[in-house]
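Notes for the one structure printed next.
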Amino acid sequence: MLNRVVLVGRLTKDPDLRYTPNGVAVANFTLAVNRPFSNQQGNREADFINCVVWRRAAENLANFMSKGSLVGVDGRLQTRSFDGQDGKRVFITEVVADTVQFLETKGSSQGGGQGSSGFQPNQNQSNNNDYSRQNQEDPFGDSGEPIDISDDDLPF
């Protein structure tokens, strides 16, 4: 059995970040995803897909993305139900995101997302190969001489 959803779309509004009574972060958001074809008038229509993401990914989404931001979602489809205030059964189908990829930098959606080269949510996190703006040293600025490395040291 397989339940896999992959989406790329824009946030229709700022993510709604909340916390469970146990302190677990959860963010609800809606993605506008363009359909791959045009309607009879020649316009592209969009589907509006409800999504939910949990824990650290929820906090990152709420802190770094806002209405109009382009994101990629990888997750699964889930249906749940509850009794509404009128006593009728309410069914909700949503995508539970395993990962949310930020496909443009914050604020670039107003410019159409052109020239976006990805997003790093936290510049303070250290990374073994992090060449941030503070470190102006060119990692490829050697003399152009070949380096001595064994095939066994390569990851591929």
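Identifiers in this document derive from the order of the structure tokens: chains are assigned A, B, ..., residues are numbered from 1 separately in each chain, and ligands are numbered from 1 in order of occurrence.
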
TODO: Tell me which protein, DNA and RNA residues are within 8 Å of Val26 (chain A), counting only C-alpha atoms, leaving out same-chain ones fewer than 2 positions away, and put them as a list in words.
DONE: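 Contacts, in chain order: Leu17, Arg18, Tyr19, Thr20, Val24, Asn28, Val52, Val53, Trp54, Arg55, Ala58 and Glu59 of chain A.
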
I need the residues from that last selection saved to file as a PDB file, in the first residue's frame (with N, CA and C atoms), if you can.
ATOM      1  N   LEU A  17       0.243  28.655  13.546  1.00  0.00           N
ATOM      2  CA  LEU A  17       1.040  27.861  14.486  1.00  0.00           C
ATOM      3  C   LEU A  17       0.353  27.810  15.836  1.00  0.00           C
ATOM      4  N   ARG A  18       0.190  26.601  16.352  1.00  0.00           N
ATOM      5  CA  ARG A  18      -0.392  26.393  17.677  1.00  0.00           C
ATOM      6  C   ARG A  18       0.421  25.329  18.394  1.00  0.00           C
ATOM      7  N   TYR A  19       0.109  25.131  19.665  1.00  0.00           N
ATOM      8  CA  TYR A  19       0.786  24.119  20.457  1.00  0.00           C
ATOM      9  C   TYR A  19      -0.252  23.244  21.148  1.00  0.00           C
ATOM     10  N   THR A  20       0.008  21.946  21.181  1.00  0.00           N
ATOM     11  CA  THR A  20      -0.872  21.031  21.894  1.00  0.00           C
ATOM     12  C   THR A  20      -0.698  21.258  23.392  1.00  0.00           C
ATOM     13  N   VAL A  24       3.587  20.384  21.953  1.00  0.00           N
ATOM     14  CA  VAL A  24       4.044  20.001  20.615  1.00  0.00           C
ATOM     15  C   VAL A  24       3.512  21.019  19.595  1.00  0.00           C
ATOM     16  N   ASN A  28      -1.082  24.624  10.736  1.00  0.00           N
ATOM     17  CA  ASN A  28      -2.018  24.364   9.645  1.00  0.00           C
ATOM     18  C   ASN A  28      -1.798  25.422   8.581  1.00  0.00           C
ATOM     19  N   VAL A  52      -1.071  20.071   7.171  1.00  0.00           N
ATOM     20  CA  VAL A  52      -0.667  20.209   8.567  1.00  0.00           C
ATOM     21  C   VAL A  52       0.756  19.671   8.696  1.00  0.00           C
ATOM     22  N   VAL A  53       1.554  20.330   9.527  1.00  0.00           N
ATOM     23  CA  VAL A  53       2.925  19.882   9.788  1.00  0.00           C
ATOM     24  C   VAL A  53       3.183  20.015  11.287  1.00  0.00           C
ATOM     25  N   TRP A  54       4.017  19.147  11.820  1.00  0.00           N
ATOM     26  CA  TRP A  54       4.218  19.043  13.258  1.00  0.00           C
ATOM     27  C   TRP A  54       5.646  19.400  13.665  1.00  0.00           C
ATOM     28  N   ARG A  55       5.813  19.687  14.936  1.00  0.00           N
ATOM     29  CA  ARG A  55       7.070  19.854  15.643  1.00  0.00           C
ATOM     30  C   ARG A  55       7.943  20.973  15.063  1.00  0.00           C
ATOM     31  N   ALA A  58       7.016  22.654  11.858  1.00  0.00           N
ATOM     32  CA  ALA A  58       5.891  23.584  12.003  1.00  0.00           C
ATOM     33  C   ALA A  58       6.388  24.952  12.446  1.00  0.00           C
ATOM     34  N   GLU A  59       7.292  24.962  13.423  1.00  0.00           N
ATOM     35  CA  GLU A  59       7.835  26.234  13.902  1.00  0.00           C
ATOM     36  C   GLU A  59       8.645  26.934  12.810  1.00  0.00           C
TER      37      GLU A  59
END

Write out as a PDB file with N, CA and C atoms, in the first residue's frame all residues of region 6-128 of chain A that DSSP puts in strand (DSSP E or B) for this structure's backbone.
ATOM      1  N   VAL A   6       3.086  14.631  -2.987  1.00  0.00           N
ATOM      2  CA  VAL A   6       4.141  15.618  -3.220  1.00  0.00           C
ATOM      3  C   VAL A   6       3.491  16.822  -3.894  1.00  0.00           C
ATOM      4  N   LEU A   7       3.645  18.004  -3.288  1.00  0.00           N
ATOM      5  CA  LEU A   7       3.008  19.219  -3.791  1.00  0.00           C
ATOM      6  C   LEU A   7       4.010  20.357  -3.855  1.00  0.00           C
ATOM      7  N   VAL A   8       3.818  21.241  -4.807  1.00  0.00           N
ATOM      8  CA  VAL A   8       4.532  22.517  -4.844  1.00  0.00           C
ATOM      9  C   VAL A   8       3.484  23.584  -5.066  1.00  0.00           C
ATOM     10  N   GLY A   9       3.447  24.553  -4.158  1.00  0.00           N
ATOM     11  CA  GLY A   9       2.453  25.613  -4.272  1.00  0.00           C
ATOM     12  C   GLY A   9       2.797  26.786  -3.386  1.00  0.00           C
ATOM     13  N   ARG A  10       1.895  27.757  -3.369  1.00  0.00           N
ATOM     14  CA  ARG A  10       2.087  28.965  -2.573  1.00  0.00           C
ATOM     15  C   ARG A  10       1.121  28.983  -1.389  1.00  0.00           C
ATOM     16  N   LEU A  11       1.605  29.480  -0.259  1.00  0.00           N
ATOM     17  CA  LEU A  11       0.763  29.614   0.922  1.00  0.00           C
ATOM     18  C   LEU A  11      -0.322  30.652   0.656  1.00  0.00           C
ATOM     19  N   ASP A  16      -0.776  28.912  10.470  1.00  0.00           N
ATOM     20  CA  ASP A  16      -1.395  29.041  11.786  1.00  0.00           C
ATOM     21  C   ASP A  16      -0.667  28.103  12.744  1.00  0.00           C
ATOM     22  N   LEU A  17       0.243  28.655  13.546  1.00  0.00           N
ATOM     23  CA  LEU A  17       1.040  27.861  14.486  1.00  0.00           C
ATOM     24  C   LEU A  17       0.353  27.810  15.836  1.00  0.00           C
ATOM     25  N   ARG A  18       0.190  26.601  16.352  1.00  0.00           N
ATOM     26  CA  ARG A  18      -0.392  26.393  17.677  1.00  0.00           C
ATOM     27  C   ARG A  18       0.421  25.329  18.394  1.00  0.00           C
ATOM     28  N   TYR A  19       0.109  25.131  19.665  1.00  0.00           N
ATOM     29  CA  TYR A  19       0.786  24.119  20.457  1.00  0.00           C
ATOM     30  C   TYR A  19      -0.252  23.244  21.148  1.00  0.00           C
ATOM     31  N   ALA A  25       4.412  21.560  18.784  1.00  0.00           N
ATOM     32  CA  ALA A  25       4.034  22.556  17.781  1.00  0.00           C
ATOM     33  C   ALA A  25       3.309  21.891  16.622  1.00  0.00           C
ATOM     34  N   VAL A  26       2.262  22.564  16.130  1.00  0.00           N
ATOM     35  CA  VAL A  26       1.521  22.101  14.952  1.00  0.00           C
ATOM     36  C   VAL A  26       1.103  23.335  14.147  1.00  0.00           C
ATOM     37  N   ALA A  27       1.342  23.280  12.845  1.00  0.00           N
ATOM     38  CA  ALA A  27       0.971  24.405  11.975  1.00  0.00           C
ATOM     39  C   ALA A  27       0.024  23.913  10.893  1.00  0.00           C
ATOM     40  N   ASN A  28      -1.082  24.624  10.736  1.00  0.00           N
ATOM     41  CA  ASN A  28      -2.018  24.364   9.645  1.00  0.00           C
ATOM     42  C   ASN A  28      -1.798  25.422   8.581  1.00  0.00           C
ATOM     43  N   PHE A  29      -1.858  25.001   7.320  1.00  0.00           N
ATOM     44  CA  PHE A  29      -1.692  25.938   6.222  1.00  0.00           C
ATOM     45  C   PHE A  29      -2.389  25.400   4.991  1.00  0.00           C
ATOM     46  N   THR A  30      -2.672  26.299   4.055  1.00  0.00           N
ATOM     47  CA  THR A  30      -3.320  25.919   2.805  1.00  0.00           C
ATOM     48  C   THR A  30      -2.404  26.297   1.653  1.00  0.00           C
ATOM     49  N   LEU A  31      -2.217  25.348   0.743  1.00  0.00           N
ATOM     50  CA  LEU A  31      -1.401  25.573  -0.445  1.00  0.00           C
ATOM     51  C   LEU A  31      -2.286  25.774  -1.657  1.00  0.00           C
ATOM     52  N   ALA A  32      -1.980  26.782  -2.455  1.00  0.00           N
ATOM     53  CA  ALA A  32      -2.605  26.959  -3.764  1.00  0.00           C
ATOM     54  C   ALA A  32      -1.687  26.290  -4.776  1.00  0.00           C
ATOM     55  N   VAL A  33      -2.185  25.236  -5.411  1.00  0.00           N
ATOM     56  CA  VAL A  33      -1.386  24.455  -6.350  1.00  0.00           C
ATOM     57  C   VAL A  33      -2.030  24.566  -7.734  1.00  0.00           C
ATOM     58  N   ASN A  34      -1.281  25.096  -8.690  1.00  0.00           N
ATOM     59  CA  ASN A  34      -1.807  25.257 -10.044  1.00  0.00           C
ATOM     60  C   ASN A  34      -2.067  23.904 -10.688  1.00  0.00           C
ATOM     61  N   ARG A  35      -3.164  23.824 -11.414  1.00  0.00           N
ATOM     62  CA  ARG A  35      -3.450  22.626 -12.194  1.00  0.00           C
ATOM     63  C   ARG A  35      -2.579  22.644 -13.446  1.00  0.00           C
ATOM     64  N   PRO A  36      -2.248  21.478 -13.987  1.00  0.00           N
ATOM     65  CA  PRO A  36      -1.317  21.433 -15.120  1.00  0.00           C
ATOM     66  C   PRO A  36      -1.955  21.765 -16.471  1.00  0.00           C
ATOM     67  N   PHE A  37      -3.199  22.226 -16.472  1.00  0.00           N
ATOM     68  CA  PHE A  37      -3.878  22.529 -17.727  1.00  0.00           C
ATOM     69  C   PHE A  37      -4.694  23.807 -17.559  1.00  0.00           C
ATOM     70  N   SER A  38      -5.122  24.386 -18.645  1.00  0.00           N
ATOM     71  CA  SER A  38      -5.922  25.611 -18.632  1.00  0.00           C
ATOM     72  C   SER A  38      -7.391  25.264 -18.820  1.00  0.00           C
ATOM     73  N   ARG A  44      -5.308  29.313 -15.989  1.00  0.00           N
ATOM     74  CA  ARG A  44      -4.895  28.210 -15.122  1.00  0.00           C
ATOM     75  C   ARG A  44      -5.703  28.277 -13.831  1.00  0.00           C
ATOM     76  N   GLU A  45      -6.292  27.183 -13.457  1.00  0.00           N
ATOM     77  CA  GLU A  45      -7.017  27.118 -12.189  1.00  0.00           C
ATOM     78  C   GLU A  45      -6.100  26.515 -11.139  1.00  0.00           C
ATOM     79  N   ALA A  46      -6.449  26.702  -9.879  1.00  0.00           N
ATOM     80  CA  ALA A  46      -5.644  26.180  -8.781  1.00  0.00           C
ATOM     81  C   ALA A  46      -6.523  25.376  -7.840  1.00  0.00           C
ATOM     82  N   ASP A  47      -5.924  24.416  -7.191  1.00  0.00           N
ATOM     83  CA  ASP A  47      -6.570  23.690  -6.109  1.00  0.00           C
ATOM     84  C   ASP A  47      -6.021  24.236  -4.802  1.00  0.00           C
ATOM     85  N   PHE A  48      -6.871  24.318  -3.787  1.00  0.00           N
ATOM     86  CA  PHE A  48      -6.482  24.818  -2.486  1.00  0.00           C
ATOM     87  C   PHE A  48      -6.492  23.627  -1.532  1.00  0.00           C
ATOM     88  N   ILE A  49      -5.309  23.232  -1.102  1.00  0.00           N
ATOM     89  CA  ILE A  49      -5.134  21.976  -0.380  1.00  0.00           C
ATOM     90  C   ILE A  49      -4.716  22.253   1.053  1.00  0.00           C
ATOM     91  N   ASN A  50      -5.521  21.755   1.995  1.00  0.00           N
ATOM     92  CA  ASN A  50      -5.226  21.928   3.414  1.00  0.00           C
ATOM     93  C   ASN A  50      -4.115  20.979   3.830  1.00  0.00           C
ATOM     94  N   CYS A  51      -3.166  21.518   4.610  1.00  0.00           N
ATOM     95  CA  CYS A  51      -2.008  20.742   5.060  1.00  0.00           C
ATOM     96  C   CYS A  51      -1.777  20.996   6.541  1.00  0.00           C
ATOM     97  N   VAL A  52      -1.071  20.071   7.171  1.00  0.00           N
ATOM     98  CA  VAL A  52      -0.667  20.209   8.567  1.00  0.00           C
ATOM     99  C   VAL A  52       0.756  19.671   8.696  1.00  0.00           C
ATOM    100  N   VAL A  53       1.554  20.330   9.527  1.00  0.00           N
ATOM    101  CA  VAL A  53       2.925  19.882   9.788  1.00  0.00           C
ATOM    102  C   VAL A  53       3.183  20.015  11.287  1.00  0.00           C
ATOM    103  N   TRP A  54       4.017  19.147  11.820  1.00  0.00           N
ATOM    104  CA  TRP A  54       4.218  19.043  13.258  1.00  0.00           C
ATOM    105  C   TRP A  54       5.646  19.400  13.665  1.00  0.00           C
ATOM    106  N   LEU A  70       6.519  30.253  -1.744  1.00  0.00           N
ATOM    107  CA  LEU A  70       6.525  29.014  -2.512  1.00  0.00           C
ATOM    108  C   LEU A  70       7.176  27.914  -1.680  1.00  0.00           C
ATOM    109  N   VAL A  71       6.443  26.823  -1.454  1.00  0.00           N
ATOM    110  CA  VAL A  71       6.970  25.705  -0.661  1.00  0.00           C
ATOM    111  C   VAL A  71       6.668  24.385  -1.349  1.00  0.00           C
ATOM    112  N   GLY A  72       7.470  23.401  -1.023  1.00  0.00           N
ATOM    113  CA  GLY A  72       7.242  22.037  -1.468  1.00  0.00           C
ATOM    114  C   GLY A  72       6.879  21.189  -0.256  1.00  0.00           C
ATOM    115  N   VAL A  73       5.905  20.337  -0.416  1.00  0.00           N
ATOM    116  CA  VAL A  73       5.432  19.485   0.677  1.00  0.00           C
ATOM    117  C   VAL A  73       5.543  18.030   0.255  1.00  0.00           C
ATOM    118  N   ASP A  74       6.084  17.213   1.139  1.00  0.00           N
ATOM    119  CA  ASP A  74       6.164  15.774   0.940  1.00  0.00           C
ATOM    120  C   ASP A  74       5.492  15.131   2.147  1.00  0.00           C
ATOM    121  N   GLY A  75       4.436  14.345   1.903  1.00  0.00           N
ATOM    122  CA  GLY A  75       3.717  13.773   3.029  1.00  0.00           C
ATOM    123  C   GLY A  75       2.718  12.727   2.604  1.00  0.00           C
ATOM    124  N   ARG A  76       1.638  12.642   3.387  1.00  0.00           N
ATOM    125  CA  ARG A  76       0.610  11.622   3.124  1.00  0.00           C
ATOM    126  C   ARG A  76      -0.766  12.241   3.302  1.00  0.00           C
ATOM    127  N   LEU A  77      -1.748  11.647   2.663  1.00  0.00           N
ATOM    128  CA  LEU A  77      -3.125  12.097   2.761  1.00  0.00           C
ATOM    129  C   LEU A  77      -3.781  11.427   3.963  1.00  0.00           C
ATOM    130  N   GLN A  78      -4.528  12.215   4.739  1.00  0.00           N
ATOM    131  CA  GLN A  78      -5.181  11.668   5.929  1.00  0.00           C
ATOM    132  C   GLN A  78      -6.591  12.218   6.032  1.00  0.00           C
ATOM    133  N   THR A  79      -7.522  11.372   6.424  1.00  0.00           N
ATOM    134  CA  THR A  79      -8.907  11.782   6.653  1.00  0.00           C
ATOM    135  C   THR A  79      -9.244  11.555   8.113  1.00  0.00           C
ATOM    136  N   ARG A  80      -9.879  12.539   8.714  1.00  0.00           N
ATOM    137  CA  ARG A  80     -10.332  12.412  10.106  1.00  0.00           C
ATOM    138  C   ARG A  80     -11.744  12.969  10.186  1.00  0.00           C
ATOM    139  N   SER A  81     -12.432  12.649  11.268  1.00  0.00           N
ATOM    140  CA  SER A  81     -13.799  13.122  11.419  1.00  0.00           C
ATOM    141  C   SER A  81     -14.075  13.465  12.880  1.00  0.00           C
ATOM    142  N   PHE A  82     -15.073  14.313  13.065  1.00  0.00           N
ATOM    143  CA  PHE A  82     -15.524  14.676  14.404  1.00  0.00           C
ATOM    144  C   PHE A  82     -16.981  15.123  14.310  1.00  0.00           C
ATOM    145  N   ASP A  83     -17.653  15.217  15.453  1.00  0.00           N
ATOM    146  CA  ASP A  83     -19.033  15.685  15.491  1.00  0.00           C
ATOM    147  C   ASP A  83     -19.035  17.200  15.618  1.00  0.00           C
ATOM    148  N   ARG A  89     -21.769  14.773  11.543  1.00  0.00           N
ATOM    149  CA  ARG A  89     -20.400  14.278  11.376  1.00  0.00           C
ATOM    150  C   ARG A  89     -19.678  15.140  10.345  1.00  0.00           C
ATOM    151  N   VAL A  90     -18.486  15.640  10.692  1.00  0.00           N
ATOM    152  CA  VAL A  90     -17.674  16.463   9.806  1.00  0.00           C
ATOM    153  C   VAL A  90     -16.429  15.666   9.429  1.00  0.00           C
ATOM    154  N   PHE A  91     -16.157  15.570   8.132  1.00  0.00           N
ATOM    155  CA  PHE A  91     -14.977  14.868   7.638  1.00  0.00           C
ATOM    156  C   PHE A  91     -13.975  15.880   7.096  1.00  0.00           C
ATOM    157  N   ILE A  92     -12.723  15.686   7.445  1.00  0.00           N
ATOM    158  CA  ILE A  92     -11.655  16.565   6.971  1.00  0.00           C
ATOM    159  C   ILE A  92     -10.578  15.700   6.311  1.00  0.00           C
ATOM    160  N   THR A  93     -10.209  16.072   5.096  1.00  0.00           N
ATOM    161  CA  THR A  93      -9.107  15.421   4.404  1.00  0.00           C
ATOM    162  C   THR A  93      -8.001  16.445   4.254  1.00  0.00           C
ATOM    163  N   GLU A  94      -6.789  16.087   4.667  1.00  0.00           N
ATOM    164  CA  GLU A  94      -5.663  17.014   4.614  1.00  0.00           C
ATOM    165  C   GLU A  94      -4.375  16.245   4.363  1.00  0.00           C
ATOM    166  N   VAL A  95      -3.358  16.980   3.946  1.00  0.00           N
ATOM    167  CA  VAL A  95      -2.038  16.398   3.755  1.00  0.00           C
ATOM    168  C   VAL A  95      -1.258  16.582   5.048  1.00  0.00           C
ATOM    169  N   VAL A  96      -0.769  15.482   5.607  1.00  0.00           N
ATOM    170  CA  VAL A  96       0.109  15.544   6.766  1.00  0.00           C
ATOM    171  C   VAL A  96       1.536  15.555   6.221  1.00  0.00           C
ATOM    172  N   ALA A  97       2.202  16.688   6.373  1.00  0.00           N
ATOM    173  CA  ALA A  97       3.523  16.861   5.781  1.00  0.00           C
ATOM    174  C   ALA A  97       4.598  16.189   6.624  1.00  0.00           C
ATOM    175  N   ASP A  98       5.415  15.375   5.971  1.00  0.00           N
ATOM    176  CA  ASP A  98       6.618  14.845   6.616  1.00  0.00           C
ATOM    177  C   ASP A  98       7.728  15.887   6.542  1.00  0.00           C
ATOM    178  N   THR A  99       7.836  16.534   5.380  1.00  0.00           N
ATOM    179  CA  THR A  99       8.822  17.603   5.196  1.00  0.00           C
ATOM    180  C   THR A  99       8.188  18.751   4.426  1.00  0.00           C
ATOM    181  N   VAL A 100       8.667  19.958   4.721  1.00  0.00           N
ATOM    182  CA  VAL A 100       8.281  21.150   3.978  1.00  0.00           C
ATOM    183  C   VAL A 100       9.569  21.821   3.526  1.00  0.00           C
ATOM    184  N   GLN A 101       9.724  21.955   2.216  1.00  0.00           N
ATOM    185  CA  GLN A 101      10.913  22.593   1.648  1.00  0.00           C
ATOM    186  C   GLN A 101      10.590  24.041   1.314  1.00  0.00           C
ATOM    187  N   PHE A 102      11.466  24.951   1.726  1.00  0.00           N
ATOM    188  CA  PHE A 102      11.298  26.363   1.404  1.00  0.00           C
ATOM    189  C   PHE A 102      11.956  26.597   0.047  1.00  0.00           C
TER     190      PHE A 102
END

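One finds CA of Asn43 (chain A) at 24.9 Å from CA of Val5 (chain A).
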